[in-house]
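Here the structure is laid out as structure tokens; the discussion comes afterwards.
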Amino acid sequence: MKLEYPQAVKLANASTLARRTLVDSIIRRNPNKKAGQRARQQLVRGSAFYKLPDLKASELPSKGTAIAVYPAHDASIAIGVDGKIQCVLELERLIGIRYFWPPLETAEEVWTIALQMVHKMCDCELGQCPTSFDYGAVVLFEGELVEPRAEYANLPLIVEKVFPVQQWRLVDHHEAHARTGFFLSPFRTALILSYDGGGNDGVFNVYYGGLGGADLNRLGQHGIDLGTRYSLLGALLQEVSSRNVTQGCKNYEKLDSAFTFPSETWLEITQGLDFSSLDHLGWTGKLMAYASLGVQNDEIEDLVSVFLRAHERGASWMPQRLVEFACKSLEHQRSIARAAQAQFETYVLQLVRTILGEIGSLGLPEPEGIVVTGGCGLNVLANQLIHDSIVVNSTGNPMGIYVPAAPNDSGLTVGGVWALVQPPRGQSVQYAGFRLWDGDKLDEVAEAWGAKRLSELGGVQYLAELLSTGPLGEKPVVAVVRGRQEFGPRALGHRSLLAVPDSDKMRDRMNRLKSRQWFRPVAPMIADEALVQVFGREVKSPYMSMAPRVLDEVLQNFPALSHLDGTARHQSVGEADEPWIHALLLEVAKHTGLAALINTSFNAKGKPIANSIRTCLEMLIELPDLDYVLIEDWLFQSPFVEP
């Protein structure tokens with residue numbers, strides 16, 4: 001039986017842009033608006049908050065120093081001078097815990113350490129970083145905020161022990177996502193989709209950017225939490241969640257909390273498994289890769305379709321029959337993964353098409369492009385589908401798509417800064433992270449290790465030959481650690497593991513080195529000049545945001561370029577993006593015939609991307625599959641590699 005679900009969204013006409021809202025049964029006004037206003041009023045009384053009023057982008061000051069903090073998972077700090085981002089500190093990189101969320105009991109200690117690191121090590125354009133700020137922002141997370149969260153009330157006080165701040169404001173979660181995406185994009189006008197597992201202002205917000213100078217206008221809000229629903233499907237998949245699904249099935253059999261709609265029995269999924277950790281934040285990427293192993297099952301497809309579109313209960317309620325399928329076998333779990341990705345893509349594409357189709361009824365100019373942000377912006381297959389399916393707008397002009405380097409919550413503080421001071425367009429924050437924490441010890445450590453300077457060995461030409469030929473007949477894996485860290489969750493050549501993608505064996509070595517499941521993909525970096533050679537078309541993706549299909553004839557010689565489904569979540573590299581990496585790729589092509597390398601993040605199992613010499617060399621000693629580490633200009637050789 002084909003199960004029914006609500007129809008596509010529609011946009012409604014309204015008298016003024018400020019009040020235009022997507023208002024059918026799926027997209028509606030923010031139900032938490034009054035609660036949020038009460039919370040703001042409470043925070044104003046007796047606190048430093050909200051001295052700065054809400055302003056349109058064009059009304060914001062163009063000059064001034066600003067600091068923004070985000071206190072939930074993927075916590076971060078960003079500072080800006082006259083709207084230019086100077087640095088972003090992702091606290092997980094400093095503390096060493098992925099998705100780090102500062103606990104309340106140690107919040108002051110943790111934030112003080114982080115703020116002092118910003119004070120000490122942020123690289124600013126003019127050399128001297130601010131020691132005080134004109135404006136400060138705290139980006140909100142979730143909940144109705146009837147009572148202010150302690151994180152929000154205390155953070156300004158903690159910040160001001162390190163940096164004096166003149167004025168503070170709260171910034172809504174999706175507003176910050178939207179500002180980050182739009183003001184980094186190349187578009188003068190854009191439709192902006194910000195969707196994830198939830199913020200204080202909902203889960204799926206739709207904006208139009210570009211009117212009134214550089215203003216951001218919220219059109220409305222989607223009522224379904226696609227991010228959480230997609231992630232929770234990973235709880236049913238033991239190869240994705242590493243949870244005891246068999247035990248979970250026994251728990252579900254005992255549940256008495258269920259409801260029926262319209263003819264399906266639904267269960268509260270979180271009662272069957274423990275969600276006390278933040279492990280589930282890593283399930284989505286694994287699920288996306290795992291989906292390629294599944295076989296289509298029509299009944300499972302229908303159940304997942306209904307689950308992703310359901311309004312009647314929160315995201316943690318799931319059809320009982322879907323749970324029962326997961327309990328049957330590993331093959332059924334893989335079919336659930338396939339359905340999760342396929343239905344996610346179908347629904348998102350349906351939403352985007354409908355919204356674009358109704359833009360004209362609001363009296364808005366057709367946008368130059370689409371900006372996708374929020375944690376769901378990391379779903380590269382959905383991004384690629386939007387790219388391939390929505391090629392031109394109704395006037396026949398090409399429409400672009402842009403996904404920022406950090407669409408997830410680690411990028412919120414950049415948008416927080418830009419809610420305080422106007423952002424100059426044309427900025428790049430691709431490498432806005434920090435240099436090595438212990439970089440001042442590099443020369444001393446290199447000499448003690450017996451490392452050699454790459455520049456004296458022959459520079460990128462030497463490294464390209466080393467990667468392409470291998471001194472002992474087997475091509476090596478080389479970690480590259482240079483300059484400032486990447487901003488966001490993707491390694492983009494500054495904290496990367498690199499290798500030539502000419503064998504399945506190399507992909508297996510990479511996954512073994514990272515202690516990752518065998519089905520996980522490794523992503524290539526490809527010079528712009530080789531994109532057509534690899535894909536048959538030019539698909540720019542400087543932040544690994546897309547996943548086009550690799551040409552079959554290319555995979556015959558370079559099988560490690562693609563995932564199991566034949567797609568590649570690639571990083572495209574032009575000379576303007578990263579000159580050193582671009583030059584390396586062109587040199588590699590002289591040996592292999594293709595300007596491409598495998599590129600995956602350089603981190604230990606379960607840890608954030610490395611940012612200390614000590615961590616890099618510990619991995620070089622402990623991991624036999626890692627052959628060399630290049631730290632700045634010093635090439636360190638593994639003790640497992642014979643001289």
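Identifiers in this document derive from the order of the structure tokens: chains are assigned A, B, ..., residues are numbered from 1 separately in each chain, and ligands are numbered from 1 in order of occurrence.
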(message) Quick one: residues within 9 Å of Asp504 of chain A, only C-alpha atoms, excluding same-chain residues fewer than 3 positions away - as a PyMOL selection string?
(response) chain A and resi 501+507-509+558-560
With N, CA and C atoms retained, could you export that selection as a CSV table (one decimal), in the first residue's frame?
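The result, written out as selection.csv:
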chain,number,residue,atom,x,y,z
A,501,PRO,N,45.7,8.0,-6.3
A,501,PRO,CA,44.5,7.2,-6.2
A,501,PRO,C,44.4,6.1,-7.3
A,507,ARG,N,43.0,3.0,-1.3
A,507,ARG,CA,41.8,3.4,-0.6
A,507,ARG,C,41.7,2.6,0.7
A,508,ASP,N,42.0,1.3,0.6
A,508,ASP,CA,41.9,0.4,1.8
A,508,ASP,C,43.0,0.9,2.9
A,509,ARG,N,44.2,1.2,2.4
A,509,ARG,CA,45.2,1.7,3.3
A,509,ARG,C,44.8,3.0,4.0
A,558,PHE,N,42.3,4.9,-12.1
A,558,PHE,CA,42.3,5.6,-10.8
A,558,PHE,C,41.1,5.2,-10.0
A,559,PRO,N,41.0,3.9,-9.6
A,559,PRO,CA,39.8,3.4,-8.9
A,559,PRO,C,39.5,4.0,-7.6
A,560,ALA,N,40.6,4.5,-6.9
A,560,ALA,CA,40.4,5.1,-5.6
A,560,ALA,C,39.8,6.5,-5.6
(request) Would you mind reading off the distance between atom CA of Pro319 of chain A and atom CA of Asp298 of chain A, one decimal, in Å? (result) 15.1 Å
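Separating atom CA of Ile224 of chain A from atom CA of Gly314 of chain A is a distance of 8.5 Å.
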(message) Need to verify the contact set: segment 521-528 of chain A, 8 Å, only C-alpha atoms, exclusion of same-chain residues closer than 4 positions in sequence. Can you return it as a count of residues only?
(response) 28
